[in-house]
Amino acid sequence: MTDARLAFEDFTPGRRFAFAQRTLTADEIVAFAQEFDPQPMHLDEAAGRASILGGLAASGWHTSAVMMRMLYEAYIAGSTSEGSPGVDVMEWKRPVLAGDTLGGHCEVLEARVSRSRPEIGIVRIRAMVTNQRGETVALCEFTHMMRLAEKGADHAHG
């Protein structure tokens, strides 16, 4: 049995991949903050309430890390991913508070074959993370490199 994988050819402009939902707990927010972003609003409920964020809030970097996991589960794990050369846009639109449930989707904006490496496709993607109220909490645009399908290989055929 052949392992069908999403290859460059499956990333056509307009294609969307839905994110699985995930609820962030206070313990997760604090643990991430203690390690990577120990600002008071990320470590303590009272400090968060006293800030402009309105409660114990995930670091934007924590939200970005959760989005990365969502991207991985939505399409990267089952693809011919060769990584990304970088992120062009990363915006944190609203605070993510303890107890918020995140979801959303990503969408292919454009795709082309690399001029210098014709076995690789360059895919531009926009990812939007939303909360349980449907409000956008994070927006990211980036480039993803995907291998083209091997001739005769089984791939997912988006």
# chains A, B, ... in the order shown; residues from 1 in each chain; ligands from 1
$ residues_around --residues "Ala57 in chain A" --least-positions-apart "4" --cutoff "6 Å" --atoms "only C-alpha atoms" --output "JSON, numbers by chain"
{"A": [42, 96, 97]}
$ write_last_selection --atoms "N, CA and C atoms" --output "PDB file, in the first residue's frame"
ATOM      1  N   HIS A  42       1.191  37.232  31.694  1.00  0.00           N
ATOM      2  CA  HIS A  42       1.213  35.844  31.239  1.00  0.00           C
ATOM      3  C   HIS A  42       1.421  34.867  32.404  1.00  0.00           C
ATOM      4  N   VAL A  96      -5.496  36.113  23.823  1.00  0.00           N
ATOM      5  CA  VAL A  96      -5.969  34.750  24.044  1.00  0.00           C
ATOM      6  C   VAL A  96      -5.915  34.536  25.550  1.00  0.00           C
ATOM      7  N   LEU A  97      -7.091  34.385  26.159  1.00  0.00           N
ATOM      8  CA  LEU A  97      -7.189  34.269  27.604  1.00  0.00           C
ATOM      9  C   LEU A  97      -7.353  32.808  28.023  1.00  0.00           C
TER      10      LEU A  97
END
$ residues_around --residues "Glu107 in chain A" --least-positions-apart "2" --cutoff "10 Å" --atoms "only C-alpha atoms" --output "PyMOL selection string"
chain A and resi 11-18+105+109-110+124-128+141
$ write_last_selection --atoms "C-alpha atoms" --output "CSV table (one decimal), in the first residue's frame"
chain,number,residue,atom,x,y,z
A,11,PHE,CA,-1.8,23.2,-2.9
A,12,THR,CA,-3.9,25.1,-5.4
A,13,PRO,CA,-4.9,28.7,-4.6
A,14,GLY,CA,-8.0,28.9,-2.5
A,15,ARG,CA,-7.6,25.5,-1.0
A,16,ARG,CA,-8.3,25.6,2.8
A,17,PHE,CA,-7.3,23.3,5.6
A,18,ALA,CA,-9.3,23.4,8.8
A,105,HIS,CA,-8.0,27.5,9.1
A,109,LEU,CA,-2.8,32.2,-1.6
A,110,GLU,CA,-0.5,31.3,-4.4
A,124,ARG,CA,2.2,31.1,0.1
A,125,ILE,CA,-0.2,30.4,2.9
A,126,ARG,CA,-2.4,32.6,5.2
A,127,ALA,CA,-3.3,31.1,8.6
A,128,MET,CA,-6.0,32.5,10.8
A,141,GLU,CA,1.3,34.7,6.2
$ residues_around --residues "Arg94 in chain A" --least-positions-apart "3" --cutoff "10 Å" --atoms "only C-alpha atoms" --output "list in words"
Leu53, Ala57, Gly60, Glu91, Leu97, Thr130, Asn131, Glu135, Thr136, Val137 and Ala138 of chain A
$ atom_distance --atom1 "CA of Glu73 in chain A" --atom2 "CA of Met41 in chain A"
29.0 Å
$ select_by_dssp --residues "chain A" --states "alpha helix (DSSP H)" --output "VMD selection string"
chain A and resid 26 to 36 40 to 43 45 to 50 60 to 74
$ residues_around --residues "Ala26 in chain A" --least-positions-apart "6" --cutoff "8 Å" --atoms "only C-alpha atoms" --output "PDB file with C-alpha atoms, in the first residue's frame"
ATOM      1  CA  LEU A  56      -4.414  35.774  32.266  1.00  0.00           C
ATOM      2  CA  ALA A  98      -7.149  31.176  29.800  1.00  0.00           C
ATOM      3  CA  GLY A  99     -10.091  29.000  28.809  1.00  0.00           C
TER       4      GLY A  99
END
